[in-house]
$ cat query13.tsv   # TSV, C-alpha atoms and all ligand atoms
chain	number	residue	atom	x	y	z
V	668	MET	CA	54.34	-35.58	-11.79
V	669	HIS	CA	54.77	-33.96	-15.23
V	670	ALA	CA	51.83	-35.93	-16.65
V	671	GLU	CA	49.71	-34.60	-13.78
V	672	ARG	CA	50.85	-31.03	-14.51
V	673	ILE	CA	50.06	-31.35	-18.22
V	674	ARG	CA	46.59	-32.65	-17.30
V	675	LYS	CA	46.01	-29.67	-14.99
V	676	VAL	CA	47.26	-27.27	-17.66
V	677	ARG	CA	44.86	-28.76	-20.24
V	678	ASP	CA	41.98	-28.43	-17.76
V	679	ALA	CA	42.87	-24.77	-17.22
V	680	MET	CA	43.14	-24.26	-21.01
V	681	SER	CA	39.61	-25.54	-21.64
V	682	GLU	CA	38.32	-23.51	-18.71
V	683	HIS	CA	39.87	-20.34	-20.18
V	684	GLY	CA	39.00	-21.12	-23.80
V	685	ILE	CA	42.62	-21.51	-24.90
V	686	ASP	CA	43.21	-23.73	-27.94
V	687	VAL	CA	46.98	-24.04	-27.84
V	688	LEU	CA	49.78	-23.30	-25.38
V	689	LEU	CA	53.19	-22.24	-26.72
V	690	LEU	CA	56.16	-22.32	-24.33
V	691	SER	CA	59.73	-21.29	-25.07
V	692	VAL	CA	62.52	-19.91	-22.82
V	693	GLY	CA	61.74	-19.28	-19.15
V	694	ALA	CA	60.57	-21.33	-16.20
V	695	ASP	CA	57.20	-22.53	-17.54
V	696	LEU	CA	58.78	-25.15	-19.80
V	697	PRO	CA	61.04	-26.82	-17.18
V	698	TRP	CA	58.16	-26.73	-14.68
V	699	LEU	CA	55.87	-28.49	-17.16
V	700	ILE	CA	58.16	-31.09	-18.78
V	701	GLY	CA	61.54	-30.91	-17.01
V	702	TYR	CA	63.37	-29.37	-20.00
V	703	GLU	CA	64.82	-25.87	-20.02
V	704	ALA	CA	65.22	-24.13	-23.37
V	705	MET	CA	68.55	-22.44	-24.13
V	706	PRO	CA	68.05	-18.68	-24.39
V	707	LEU	CA	69.07	-18.64	-28.05
V	708	GLU	CA	68.03	-16.87	-31.23
V	709	ARG	CA	67.13	-20.36	-32.47
V	710	LEU	CA	63.58	-21.28	-31.55
V	711	THR	CA	62.70	-23.93	-28.98
V	712	MET	CA	58.95	-24.19	-28.45
V	713	LEU	CA	56.62	-26.69	-26.88
V	714	VAL	CA	53.28	-26.79	-28.69
V	715	VAL	CA	50.44	-28.09	-26.49
V	716	PRO	CA	47.05	-28.25	-28.22
V	717	VAL	CA	44.15	-28.37	-25.76
V	718	ASP	CA	43.32	-31.80	-27.16
V	719	GLY	CA	45.98	-33.46	-29.24
V	720	ASP	CA	49.57	-34.45	-28.65
V	721	ALA	CA	52.24	-32.08	-27.41
V	722	THR	CA	55.37	-31.55	-29.55
V	723	LEU	CA	58.69	-30.01	-28.57
V	724	VAL	CA	60.16	-28.08	-31.50
V	725	VAL	CA	63.89	-27.85	-30.87
V	726	PRO	CA	67.01	-26.93	-32.88
V	727	ARG	CA	68.78	-30.08	-34.14
V	728	LEU	CA	71.93	-29.24	-32.16
V	729	GLU	CA	69.92	-28.94	-28.90
V	730	ALA	CA	68.05	-32.22	-29.42
V	731	PRO	CA	70.72	-34.38	-27.68
V	732	ARG	CA	70.00	-32.47	-24.44
V	733	VAL	CA	66.32	-33.41	-24.48
V	734	ARG	CA	65.38	-36.30	-22.22
V	735	GLU	CA	62.79	-38.01	-24.34
V	736	ARG	CA	59.42	-38.47	-22.66
V	737	PRO	CA	57.24	-39.99	-25.39
V	738	GLU	CA	54.33	-40.37	-22.97
V	739	LEU	CA	54.36	-36.56	-22.51
V	740	PHE	CA	55.52	-35.08	-25.83
V	741	SER	CA	57.19	-35.95	-29.10
V	742	VAL	CA	60.35	-34.20	-30.26
V	743	HIS	CA	60.60	-32.45	-33.61
V	744	ALA	CA	64.19	-31.35	-34.29
V	745	TRP	CA	64.61	-28.69	-36.97
V	746	ASP	CA	67.63	-28.16	-39.21
V	747	GLU	CA	69.43	-24.90	-39.84
V	748	THR	CA	67.67	-24.47	-43.19
V	749	ASP	CA	64.17	-25.18	-41.81
V	750	ASP	CA	61.65	-22.55	-40.80
V	751	PRO	CA	60.76	-23.34	-37.17
V	752	ILE	CA	57.97	-20.75	-37.04
V	753	ASP	CA	56.28	-22.50	-39.94
V	754	LEU	CA	56.60	-25.75	-38.03
V	755	VAL	CA	54.94	-24.27	-34.95
V	756	VAL	CA	52.12	-22.77	-37.02
V	757	ARG	CA	51.43	-26.15	-38.62
V	758	LEU	CA	51.54	-28.03	-35.29
V	759	ALA	CA	49.22	-25.50	-33.69
V	760	GLY	CA	46.64	-25.92	-36.47
V	761	PRO	CA	43.82	-23.45	-36.93
V	762	VAL	CA	43.70	-21.63	-33.63
V	763	ARG	CA	41.32	-19.00	-32.26
V	764	VAL	CA	43.11	-18.36	-28.96
V	765	ALA	CA	46.76	-19.13	-28.15
V	766	ALA	CA	48.54	-18.67	-24.82
V	767	ILE	CA	52.25	-17.92	-25.15
V	768	GLY	CA	54.94	-18.04	-22.44
V	769	ASN	CA	55.54	-14.59	-20.93
V	770	ARG	CA	59.32	-14.82	-21.36
V	771	THR	CA	59.22	-15.78	-25.05
V	772	TRP	CA	61.46	-13.51	-27.18
V	773	SER	CA	59.30	-10.84	-28.82
V	774	GLN	CA	61.05	-11.72	-32.11
V	775	PHE	CA	59.16	-15.05	-32.17
V	776	LEU	CA	55.85	-13.58	-31.06
V	777	VAL	CA	56.08	-10.93	-33.79
V	778	GLU	CA	56.63	-13.64	-36.41
V	779	LEU	CA	53.79	-15.77	-35.03
V	780	LEU	CA	51.44	-12.78	-35.01
V	781	ALA	CA	52.19	-12.21	-38.69
V	782	ARG	CA	51.61	-15.82	-39.67
V	783	MET	CA	48.57	-16.49	-37.44
V	784	PRO	CA	46.53	-13.37	-38.25
V	785	GLY	CA	43.25	-14.84	-37.01
V	786	THR	CA	44.65	-15.88	-33.64
V	787	TRP	CA	44.28	-13.95	-30.43
V	788	PHE	CA	47.41	-14.28	-28.24
V	789	ARG	CA	47.21	-14.23	-24.46
V	790	ALA	CA	49.89	-14.49	-21.75
V	791	ALA	CA	50.47	-18.05	-20.53
V	792	SER	CA	50.78	-16.73	-16.96
V	793	GLU	CA	47.00	-16.45	-16.97
V	794	ILE	CA	46.76	-20.23	-16.67
V	795	LEU	CA	50.26	-21.21	-15.50
V	796	GLY	CA	50.70	-18.55	-12.79
V	797	PRO	CA	48.09	-19.96	-10.40
V	798	LEU	CA	49.15	-23.56	-11.12
V	799	ARG	CA	52.86	-22.89	-10.54
V	800	ALA	CA	52.05	-20.88	-7.40
V	801	ARG	CA	50.51	-23.89	-5.62
V	802	LYS	CA	53.53	-25.98	-4.70
V	803	ASP	CA	53.17	-29.73	-4.28
V	804	PRO	CA	54.96	-31.48	-1.38
V	805	ASP	CA	58.03	-32.27	-3.53
V	806	GLU	CA	58.35	-28.62	-4.50
V	807	VAL	CA	58.01	-27.49	-0.88
V	808	GLU	CA	60.74	-29.96	0.01
V	809	ALA	CA	62.99	-28.57	-2.74
V	810	LEU	CA	62.41	-25.01	-1.49
V	811	THR	CA	63.13	-26.17	2.07
V	812	THR	CA	66.43	-27.70	0.95
V	813	ALA	CA	67.37	-24.49	-0.87
V	814	ALA	CA	66.43	-22.37	2.18
V	815	ALA	CA	68.53	-24.53	4.51
V	816	ALA	CA	71.51	-24.11	2.17
V	817	VAL	CA	71.40	-20.29	2.32
V	818	ASP	CA	70.79	-20.47	6.08
V	819	ARG	CA	74.17	-22.21	6.40
V	820	VAL	CA	75.82	-19.46	4.37
V	821	VAL	CA	74.28	-16.85	6.69
V	822	ALA	CA	75.59	-18.80	9.69
V	823	ALA	CA	79.09	-18.55	8.20
V	824	LEU	CA	78.63	-14.77	7.90
V	825	HIS	CA	77.34	-14.41	11.43
V	826	SER	CA	80.14	-16.50	12.94
V	827	GLY	CA	82.82	-14.46	11.20
V	828	GLU	CA	83.89	-17.46	9.13
V	829	ILE	CA	83.51	-15.28	6.04
V	830	PRO	CA	85.69	-12.24	6.87
V	831	LEU	CA	84.17	-8.81	6.17
V	832	ALA	CA	86.26	-6.00	7.71
V	833	GLY	CA	88.76	-4.46	5.30
V	834	ARG	CA	87.40	-6.36	2.29
V	835	SER	CA	85.42	-4.99	-0.63
V	836	GLU	CA	81.79	-5.82	-1.33
V	837	VAL	CA	82.88	-7.56	-4.54
V	838	GLN	CA	85.33	-9.81	-2.65
V	839	VAL	CA	82.72	-10.80	-0.08
V	840	ALA	CA	80.14	-11.40	-2.82
V	841	ALA	CA	82.55	-13.80	-4.56
V	842	ASP	CA	82.96	-15.72	-1.28
V	843	LEU	CA	79.21	-15.92	-0.84
V	844	GLY	CA	78.76	-17.30	-4.34
V	845	GLN	CA	81.33	-20.03	-3.71
V	846	ARG	CA	79.72	-20.90	-0.37
V	847	MET	CA	76.32	-21.18	-1.98
V	848	LEU	CA	77.66	-23.71	-4.48
V	849	ALA	CA	79.49	-25.59	-1.71
V	850	GLU	CA	76.24	-25.78	0.27
V	851	GLY	CA	74.36	-27.50	-2.54
V	852	HIS	CA	73.20	-24.91	-5.05
V	853	HIS	CA	73.89	-25.77	-8.67
V	854	ARG	CA	73.55	-22.15	-9.74
V	855	VAL	CA	74.07	-18.74	-8.13
V	856	ASN	CA	71.30	-16.40	-9.27
V	857	PHE	CA	72.42	-13.17	-7.60
V	858	VAL	CA	74.45	-11.80	-4.68
V	859	ILE	CA	73.93	-8.37	-3.13
V	860	VAL	CA	76.48	-7.06	-0.63
V	861	ALA	CA	75.63	-3.47	0.32
V	862	SER	CA	77.70	-1.74	2.99
V	863	GLY	CA	77.23	1.59	4.77
V	864	PRO	CA	75.24	4.06	2.64
V	865	ASN	CA	75.00	1.46	-0.15
V	866	ALA	CA	72.50	-0.43	2.03
V	867	ALA	CA	69.99	2.31	1.18
V	868	SER	CA	69.80	0.94	-2.40
V	869	PRO	CA	67.65	-2.23	-2.33
V	870	HIS	CA	69.23	-3.80	-5.46
V	871	HIS	CA	72.76	-2.46	-4.97
V	872	GLU	CA	75.39	-4.00	-7.24
V	873	PRO	CA	78.45	-5.08	-5.17
V	874	SER	CA	81.19	-2.46	-5.58
V	875	ASP	CA	84.82	-1.86	-4.62
V	876	ARG	CA	83.71	-0.12	-1.43
V	877	VAL	CA	85.68	-1.52	1.52
V	878	ILE	CA	83.66	-2.67	4.54
V	879	GLN	CA	84.63	-0.77	7.68
V	880	GLN	CA	83.83	-0.09	11.33
V	881	GLY	CA	80.42	1.54	11.79
V	882	ASP	CA	78.91	0.02	8.61
V	883	VAL	CA	75.71	-1.88	8.34
V	884	VAL	CA	76.21	-4.63	5.76
V	885	LEU	CA	73.14	-5.96	3.97
V	886	PHE	CA	73.37	-9.36	2.27
V	887	ASP	CA	70.70	-10.61	-0.12
V	888	PHE	CA	71.49	-13.70	-2.15
V	889	GLY	CA	69.87	-16.66	-3.82
V	890	GLY	CA	70.51	-19.56	-6.13
V	891	SER	CA	68.88	-22.71	-7.44
V	892	VAL	CA	69.08	-26.23	-6.08
V	893	LEU	CA	68.61	-28.97	-8.67
V	894	THR	CA	65.97	-31.66	-8.01
V	895	GLU	CA	65.72	-35.17	-9.42
V	896	SER	CA	63.18	-33.96	-11.96
V	897	GLY	CA	65.99	-31.90	-13.53
V	898	VAL	CA	64.49	-28.59	-12.42
V	899	GLY	CA	66.05	-26.12	-10.00
V	900	TYR	CA	64.19	-24.49	-7.11
V	901	CYS	CA	65.25	-21.10	-5.77
V	902	SER	CA	66.54	-19.77	-2.49
V	903	ASP	CA	66.41	-16.07	-1.53
V	904	ILE	CA	67.41	-14.61	1.83
V	905	THR	CA	68.32	-11.22	3.27
V	906	ARG	CA	70.13	-10.54	6.53
V	907	CYS	CA	72.05	-7.57	7.95
V	908	VAL	CA	75.07	-7.35	10.24
V	909	PHE	CA	76.63	-4.34	11.91
V	910	MET	CA	80.38	-3.76	12.04
V	911	GLY	CA	80.92	-2.90	15.69
V	912	GLU	CA	78.37	-1.43	18.09
V	913	PRO	CA	75.40	0.07	16.18
V	914	PRO	CA	74.06	3.52	17.14
V	915	SER	CA	70.72	3.37	18.95
V	916	GLU	CA	69.08	5.06	15.97
V	917	PHE	CA	69.99	2.12	13.76
V	918	ARG	CA	68.93	-0.40	16.38
V	919	GLU	CA	65.49	1.23	16.49
V	920	LEU	CA	65.19	1.18	12.70
V	921	TYR	CA	66.20	-2.47	12.62
V	922	GLU	CA	63.68	-3.42	15.31
V	923	VAL	CA	60.91	-1.85	13.20
V	924	VAL	CA	61.96	-3.95	10.19
V	925	HIS	CA	62.14	-7.07	12.34
V	926	ALA	CA	58.70	-6.48	13.87
V	927	ALA	CA	57.22	-5.72	10.42
V	928	GLN	CA	58.63	-8.94	9.02
V	929	GLN	CA	57.25	-11.01	11.88
V	930	ALA	CA	53.84	-9.32	11.55
V	931	ALA	CA	53.67	-10.06	7.82
V	932	ILE	CA	54.74	-13.69	8.31
V	933	SER	CA	52.04	-14.16	10.98
V	934	ALA	CA	49.45	-12.65	8.64
V	935	ALA	CA	50.29	-15.04	5.78
V	936	LYS	CA	47.50	-17.53	6.40
V	937	ASN	CA	45.37	-19.54	4.00
V	938	GLY	CA	42.63	-17.27	2.62
V	939	THR	CA	44.30	-13.96	3.48
V	940	PRO	CA	44.42	-11.48	0.57
V	941	CYS	CA	48.02	-10.88	-0.57
V	942	GLU	CA	47.59	-7.13	-0.07
V	943	ALA	CA	46.66	-7.68	3.59
V	944	VAL	CA	50.04	-9.35	4.16
V	945	ASP	CA	51.76	-6.36	2.57
V	946	ALA	CA	49.69	-4.05	4.80
V	947	ALA	CA	50.68	-5.99	7.93
V	948	ALA	CA	54.31	-5.02	7.35
V	949	ARG	CA	53.67	-1.58	5.88
V	950	ASP	CA	51.27	-0.35	8.59
V	951	LEU	CA	53.84	-1.08	11.26
V	952	ILE	CA	56.63	0.67	9.37
V	953	THR	CA	54.38	3.65	8.62
V	954	ALA	CA	53.29	3.92	12.26
V	955	ALA	CA	56.97	4.10	13.24
V	956	GLY	CA	57.41	7.05	10.85
V	957	TYR	CA	59.38	5.22	8.16
V	958	GLY	CA	56.54	4.78	5.62
V	959	PRO	CA	58.19	6.79	2.80
V	960	TYR	CA	61.38	4.74	3.20
V	961	PHE	CA	59.75	1.35	2.52
V	962	ILE	CA	59.94	1.67	-1.25
V	963	HIS	CA	59.04	-1.81	-2.55
V	964	ARG	CA	56.41	-4.50	-2.20
V	965	THR	CA	56.62	-6.87	0.78
V	966	GLY	CA	57.35	-10.01	-1.23
V	967	HIS	CA	57.17	-12.21	-4.32
V	968	GLY	CA	56.33	-15.82	-5.02
V	969	ILE	CA	59.26	-18.19	-5.51
V	970	GLY	CA	59.72	-21.60	-7.08
V	971	VAL	CA	61.45	-22.57	-10.32
V	972	GLU	CA	61.74	-18.81	-10.80
V	973	GLU	CA	63.08	-16.27	-8.28
V	974	HIS	CA	60.07	-14.01	-8.82
V	975	GLU	CA	56.69	-15.50	-9.70
V	976	ASP	CA	53.08	-15.49	-8.46
V	977	PRO	CA	51.82	-14.63	-5.90
V	978	TYR	CA	53.07	-11.07	-5.45
V	979	ILE	CA	52.65	-9.67	-1.93
V	980	VAL	CA	51.75	-6.16	-2.93
V	981	ALA	CA	49.05	-3.53	-2.35
V	982	GLY	CA	46.27	-4.00	-4.89
V	983	ASN	CA	46.67	-7.77	-5.17
V	984	GLN	CA	43.38	-8.97	-3.75
V	985	SER	CA	43.92	-12.63	-4.66
V	986	ARG	CA	43.91	-14.86	-1.62
V	987	LEU	CA	46.71	-17.03	-0.30
V	988	GLU	CA	46.23	-20.77	-0.68
V	989	VAL	CA	47.86	-23.78	0.92
V	990	GLY	CA	51.08	-24.45	-1.00
V	991	HIS	CA	51.77	-20.84	-1.92
V	992	ALA	CA	55.46	-20.01	-1.35
V	993	PHE	CA	56.76	-16.44	-1.31
V	994	SER	CA	59.24	-14.08	0.28
V	995	ILE	CA	58.42	-11.70	3.13
V	996	GLU	CA	61.04	-8.94	2.90
V	997	PRO	CA	60.17	-5.53	4.30
V	998	GLY	CA	62.93	-2.93	4.43
V	999	ILE	CA	63.68	0.66	5.37
V	1000	TYR	CA	66.12	2.69	3.26
V	1001	ILE	CA	67.44	6.10	4.33
V	1002	PRO	CA	69.20	7.59	1.27
V	1003	GLY	CA	72.87	8.47	1.78
V	1004	ARG	CA	72.89	6.91	5.21
V	1005	TRP	CA	71.93	3.27	5.65
V	1006	GLY	CA	69.20	0.70	5.22
V	1007	ALA	CA	67.96	-2.66	6.48
V	1008	ARG	CA	65.87	-5.52	5.13
V	1009	LEU	CA	64.97	-8.97	6.41
V	1010	GLU	CA	63.82	-11.73	4.09
V	1011	ASP	CA	62.52	-15.24	4.62
V	1012	ILE	CA	60.71	-17.66	2.34
V	1013	VAL	CA	57.31	-18.62	3.74
V	1014	VAL	CA	54.93	-21.43	2.76
V	1015	VAL	CA	51.23	-21.42	3.56
V	1016	THR	CA	50.18	-24.68	5.24
V	1017	ASP	CA	46.92	-26.01	6.72
V	1018	SER	CA	48.27	-25.11	10.14
V	1019	GLY	CA	49.41	-21.60	9.22
V	1020	PRO	CA	52.44	-19.87	7.73
V	1021	ARG	CA	55.74	-21.76	7.90
V	1022	SER	CA	59.03	-19.93	7.45
V	1023	LEU	CA	61.56	-22.07	5.60
V	1024	ASN	CA	64.51	-19.97	6.81
V	1025	ALA	CA	65.76	-20.36	10.34
V	1026	ALA	CA	68.87	-18.15	10.22
V	1027	GLU	CA	69.16	-15.65	13.09
V	1028	HIS	CA	66.83	-12.67	12.61
V	1029	ARG	CA	68.30	-10.37	15.25
V	1030	LEU	CA	70.93	-7.83	14.27
V	1031	VAL	CA	74.26	-9.62	14.59
V	1032	ILE	CA	77.30	-7.57	15.54
V	1033	VAL	CA	80.50	-8.47	13.76
V	1034	ASP	CA	83.84	-7.28	15.14
V	1035	ALA	CA	85.29	-4.68	12.84
V	1101	ZN	ZN	66.28	-11.42	-1.79
V	1102	ZN	ZN	63.33	-11.72	-2.66

$ encode --input "query13.tsv" --output "structure tokens"
Amino acid sequence: MHAERIRKVRDAMSEHGIDVLLLSVGADLPWLIGYEAMPLERLTMLVVPVDGDATLVVPRLEAPRVRERPELFSVHAWDETDDPIDLVVRLAGPVRVAAIGNRTWSQFLVELLARMPGTWFRAASEILGPLRARKDPDEVEALTTAAAAVDRVVAALHSGEIPLAGRSEVQVAADLGQRMLAEGHHRVNFVIVASGPNAASPHHEPSDRVIQQGDVVLFDFGGSVLTESGVGYCSDITRCVFMGEPPSEFRELYEVVHAAQQAAISAAKNGTPCEAVDAAARDLITAAGYGPYFIHRTGHGIGVEEHEDPYIVAGNQSRLEVGHAFSIEPGIYIPGRWGARLEDIVVVTDSGPRSLNAAEHRLVIVDA
């Protein structure tokens, strides 16, 4: 699998005229070789010449964590008194164009720029974005496993197994995190619990606000599920509940979100421009009079990273392909009052869009 990915990356490098690929912290490295760099001030960097052997430059104290894959790359551990930038420059050789991982600390890029004055640096996402976006069957399976795990957490919310009334957002968020781990995630990436007026803030940080009768409660959470290759794949889901009987005004708002989400999922077919999927949700919300209250894009790609290509946003004319996996998450946010969002992860298949999440989409009423 990793050998195949390295081959594809090299093909893309020659196509784009890139002489060397430099990957450090972030999701590119684990996707390519199954090793994740520690986010340290000490440099870890994989050097992949377009033709020539790949070398992983790694701090001596991190080297024991590296699973050696001599058929893919050799390991060069550096000591505390070594200059790792110098090492990378030498391994790269004379280079006209280098692609560097988008999440690399600027500290290292600044040093590389100074020591490779004749080299033009480009973002590695140029070649890795499209490759990582097309999931292979194993990756789709990993995303499906992750989606099923958060679906079970949602079921526990809907059934009342995770109590809400009289508890703070922070308390409920802690429960959700524990549940996610119990359901098979190895890492919790984020938990949003937004009650009442807080639901109008799409990325609300859970607070001490106590959940009460008459609140909408918006939950958005995700984590990573580890695969055999040593790499985690992400889940990401949003659902809303209402504490007691919702006013008809909220029901109407929620139905618009629900219809917009279904419309966007149905539109997510092979060959459809990403922006057309965004428009499918947005047009419906705008027609219902809520256009100014849908304040973010419709979705983002997902894989090793929570947010990656393809982005489902106006202006993105690139077309969906089989294997693309992304969220569809329209929302409506009325400041000071309430908000609603619904989010599923969708994969494009030969036979159309397939939602990986099966948790109830209708507004569930929880006894306050
Ligand atoms: Zn989300
Ligand atoms: Zn999302």

$ closest_residue --input "query13.tsv" --among "V:Tyr960, V:Asp945, V:Phe857, V:Ser891" --to "ligand ZN 1101 (chain V)" --atoms "all atoms listed in the file"
V:Phe857

$ closest_residue --input "query13.tsv" --among "V:Val742, V:Leu689, V:Ala730, V:Ala815" --to "Leu779 of chain V" --atoms "all atoms listed in the file"
V:Leu689

$ residues_near_ligand --input "query13.tsv" --ligand "ligand ZN 1101 (chain V)" --cutoff "8 Å" --atoms "all atoms listed in the file" --output "list in words"
Asp887, Phe888, Gly889, Asp903, Ile904, Thr905, Ser994, Glu996 and Glu1010 of chain V

$ atom_distance --input "query13.tsv" --atom1 "atom CA of Leu824 of chain V" --atom2 "atom CA of Ser868 of chain V"
20.8 Å

$ residues_around --input "query13.tsv" --residues "Gly1019 of chain V" --least-positions-apart "5" --cutoff "8 Å" --atoms "all atoms listed in the file" --output "list in words"
Ala935, Lys936 and Asn937 of chain V

$ closest_residue --input "query13.tsv" --among "V:Glu735, V:Glu972, V:Asp718, V:Glu778" --to "ligand ZN 1102 (chain V)" --atoms "all atoms listed in the file"
V:Glu972

$ residues_near_ligand --input "query13.tsv" --ligand "ligand ZN 1102 (chain V)" --cutoff "12 Å" --atoms "only C-alpha atoms and all ligand atoms" --output "ChimeraX atom specification"
/V:856-859,869-870,886-890,901-906,963-970,972-975,978-979,992-998,1008-1013

$ residues_around --input "query13.tsv" --residues "Ile752 of chain V" --least-positions-apart "6" --cutoff "12 Å" --atoms "all atoms listed in the file" --output "list of chain:residue names"
V:Leu689, V:Arg709, V:Leu710, V:Thr711, V:Met712, V:Leu713, V:Val714, V:Val724, V:Val725, V:Pro726, V:Trp745, V:Leu758, V:Ala759, V:Gln774, V:Phe775, V:Leu776, V:Val777, V:Glu778, V:Leu779, V:Leu780, V:Ala781, V:Arg782, V:Met783

$ write_last_selection --input "query13.tsv" --atoms "C-alpha atoms" --output "PDB file, in the coordinates of the input"
ATOM      1  CA  LEU V 689      53.190 -22.240 -26.720  1.00  0.00           C
ATOM      2  CA  ARG V 709      67.130 -20.360 -32.470  1.00  0.00           C
ATOM      3  CA  LEU V 710      63.580 -21.280 -31.550  1.00  0.00           C
ATOM      4  CA  THR V 711      62.700 -23.930 -28.980  1.00  0.00           C
ATOM      5  CA  MET V 712      58.950 -24.190 -28.450  1.00  0.00           C
ATOM      6  CA  LEU V 713      56.620 -26.690 -26.880  1.00  0.00           C
ATOM      7  CA  VAL V 714      53.280 -26.790 -28.690  1.00  0.00           C
ATOM      8  CA  VAL V 724      60.160 -28.080 -31.500  1.00  0.00           C
ATOM      9  CA  VAL V 725      63.890 -27.850 -30.870  1.00  0.00           C
ATOM     10  CA  PRO V 726      67.010 -26.930 -32.880  1.00  0.00           C
ATOM     11  CA  TRP V 745      64.610 -28.690 -36.970  1.00  0.00           C
ATOM     12  CA  LEU V 758      51.540 -28.030 -35.290  1.00  0.00           C
ATOM     13  CA  ALA V 759      49.220 -25.500 -33.690  1.00  0.00           C
ATOM     14  CA  GLN V 774      61.050 -11.720 -32.110  1.00  0.00           C
ATOM     15  CA  PHE V 775      59.160 -15.050 -32.170  1.00  0.00           C
ATOM     16  CA  LEU V 776      55.850 -13.580 -31.060  1.00  0.00           C
ATOM     17  CA  VAL V 777      56.080 -10.930 -33.790  1.00  0.00           C
ATOM     18  CA  GLU V 778      56.630 -13.640 -36.410  1.00  0.00           C
ATOM     19  CA  LEU V 779      53.790 -15.770 -35.030  1.00  0.00           C
ATOM     20  CA  LEU V 780      51.440 -12.780 -35.010  1.00  0.00           C
ATOM     21  CA  ALA V 781      52.190 -12.210 -38.690  1.00  0.00           C
ATOM     22  CA  ARG V 782      51.610 -15.820 -39.670  1.00  0.00           C
ATOM     23  CA  MET V 783      48.570 -16.490 -37.440  1.00  0.00           C
TER      24      MET V 783
END

$ closest_residue --input "query13.tsv" --among "V:Ala822, V:Ala800, V:Asp720, V:Gly911" --to "Arg986 of chain V" --atoms "all atoms listed in the file"
V:Ala800

$ atom_distance --input "query13.tsv" --atom1 "atom CA of Gly881 of chain V" --atom2 "atom CA of Pro913 of chain V"
6.8 Å

$ closest_residue --input "query13.tsv" --among "V:Arg801, V:His852, V:Arg834, V:Arg677" --to "Val877 of chain V" --atoms "only C-alpha atoms"
V:Arg834

$ atom_distance --input "query13.tsv" --atom1 "atom CA of Leu798 of chain V" --atom2 "atom CA of Ala948 of chain V"
26.7 Å

$ closest_residue --input "query13.tsv" --among "V:Val676, V:Leu920, V:Ile932, V:Ile962" --to "Arg799 of chain V" --atoms "all atoms listed in the file"
V:Val676

$ axis_aligned_box --input "query13.tsv" --around "segment 672-684 of chain V" --padding-each-side "3 Å" --output "lines of an AutoDock Vina configuration file"
center_x = 44.6
center_y = -26.5
center_z = -19.2
size_x = 18.5
size_y = 18.3
size_z = 15.3

$ residues_around --input "query13.tsv" --residues "Leu831 of chain V" --least-positions-apart "5" --cutoff "12 Å" --atoms "only C-alpha atoms" --output "VMD selection string"
chain V and resid 823 to 826 836 to 843 860 to 862 876 to 880 882 to 886 908 to 911 1032 to 1035

$ decode --input "query13.tsv" --residues "segment 884-895 of chain V" --atoms "N, CA and C atoms" --output "PDB file, in the first residue's frame"
ATOM      1  N   VAL V 884     -29.917  21.597  21.547  1.00  0.00           N
ATOM      2  CA  VAL V 884     -28.522  21.273  21.860  1.00  0.00           C
ATOM      3  C   VAL V 884     -27.887  20.692  20.605  1.00  0.00           C
ATOM      4  N   LEU V 885     -26.828  21.353  20.158  1.00  0.00           N
ATOM      5  CA  LEU V 885     -26.114  20.925  18.955  1.00  0.00           C
ATOM      6  C   LEU V 885     -24.837  20.208  19.377  1.00  0.00           C
ATOM      7  N   PHE V 886     -24.658  18.997  18.839  1.00  0.00           N
ATOM      8  CA  PHE V 886     -23.453  18.207  19.131  1.00  0.00           C
ATOM      9  C   PHE V 886     -22.685  18.019  17.829  1.00  0.00           C
ATOM     10  N   ASP V 887     -21.406  18.321  17.854  1.00  0.00           N
ATOM     11  CA  ASP V 887     -20.537  18.069  16.699  1.00  0.00           C
ATOM     12  C   ASP V 887     -19.256  17.501  17.265  1.00  0.00           C
ATOM     13  N   PHE V 888     -18.938  16.280  16.907  1.00  0.00           N
ATOM     14  CA  PHE V 888     -17.726  15.678  17.487  1.00  0.00           C
ATOM     15  C   PHE V 888     -17.076  14.715  16.510  1.00  0.00           C
ATOM     16  N   GLY V 889     -15.791  14.489  16.739  1.00  0.00           N
ATOM     17  CA  GLY V 889     -15.048  13.586  15.863  1.00  0.00           C
ATOM     18  C   GLY V 889     -13.756  13.145  16.510  1.00  0.00           C
ATOM     19  N   GLY V 890     -13.283  12.006  16.057  1.00  0.00           N
ATOM     20  CA  GLY V 890     -12.017  11.466  16.556  1.00  0.00           C
ATOM     21  C   GLY V 890     -11.352  10.674  15.456  1.00  0.00           C
ATOM     22  N   SER V 891     -10.331   9.917  15.829  1.00  0.00           N
ATOM     23  CA  SER V 891      -9.623   9.085  14.858  1.00  0.00           C
ATOM     24  C   SER V 891      -9.667   7.644  15.309  1.00  0.00           C
ATOM     25  N   VAL V 892      -9.833   6.755  14.327  1.00  0.00           N
ATOM     26  CA  VAL V 892      -9.809   5.318  14.584  1.00  0.00           C
ATOM     27  C   VAL V 892      -8.562   4.758  13.914  1.00  0.00           C
ATOM     28  N   LEU V 893      -7.737   4.078  14.718  1.00  0.00           N
ATOM     29  CA  LEU V 893      -6.457   3.575  14.228  1.00  0.00           C
ATOM     30  C   LEU V 893      -6.664   2.366  13.309  1.00  0.00           C
ATOM     31  N   THR V 894      -5.912   2.316  12.208  1.00  0.00           N
ATOM     32  CA  THR V 894      -5.970   1.153  11.317  1.00  0.00           C
ATOM     33  C   THR V 894      -4.695   0.337  11.478  1.00  0.00           C
ATOM     34  N   GLU V 895      -4.671  -0.828  10.832  1.00  0.00           N
ATOM     35  CA  GLU V 895      -3.498  -1.710  10.956  1.00  0.00           C
ATOM     36  C   GLU V 895      -2.237  -1.050  10.429  1.00  0.00           C
TER      37      GLU V 895
END
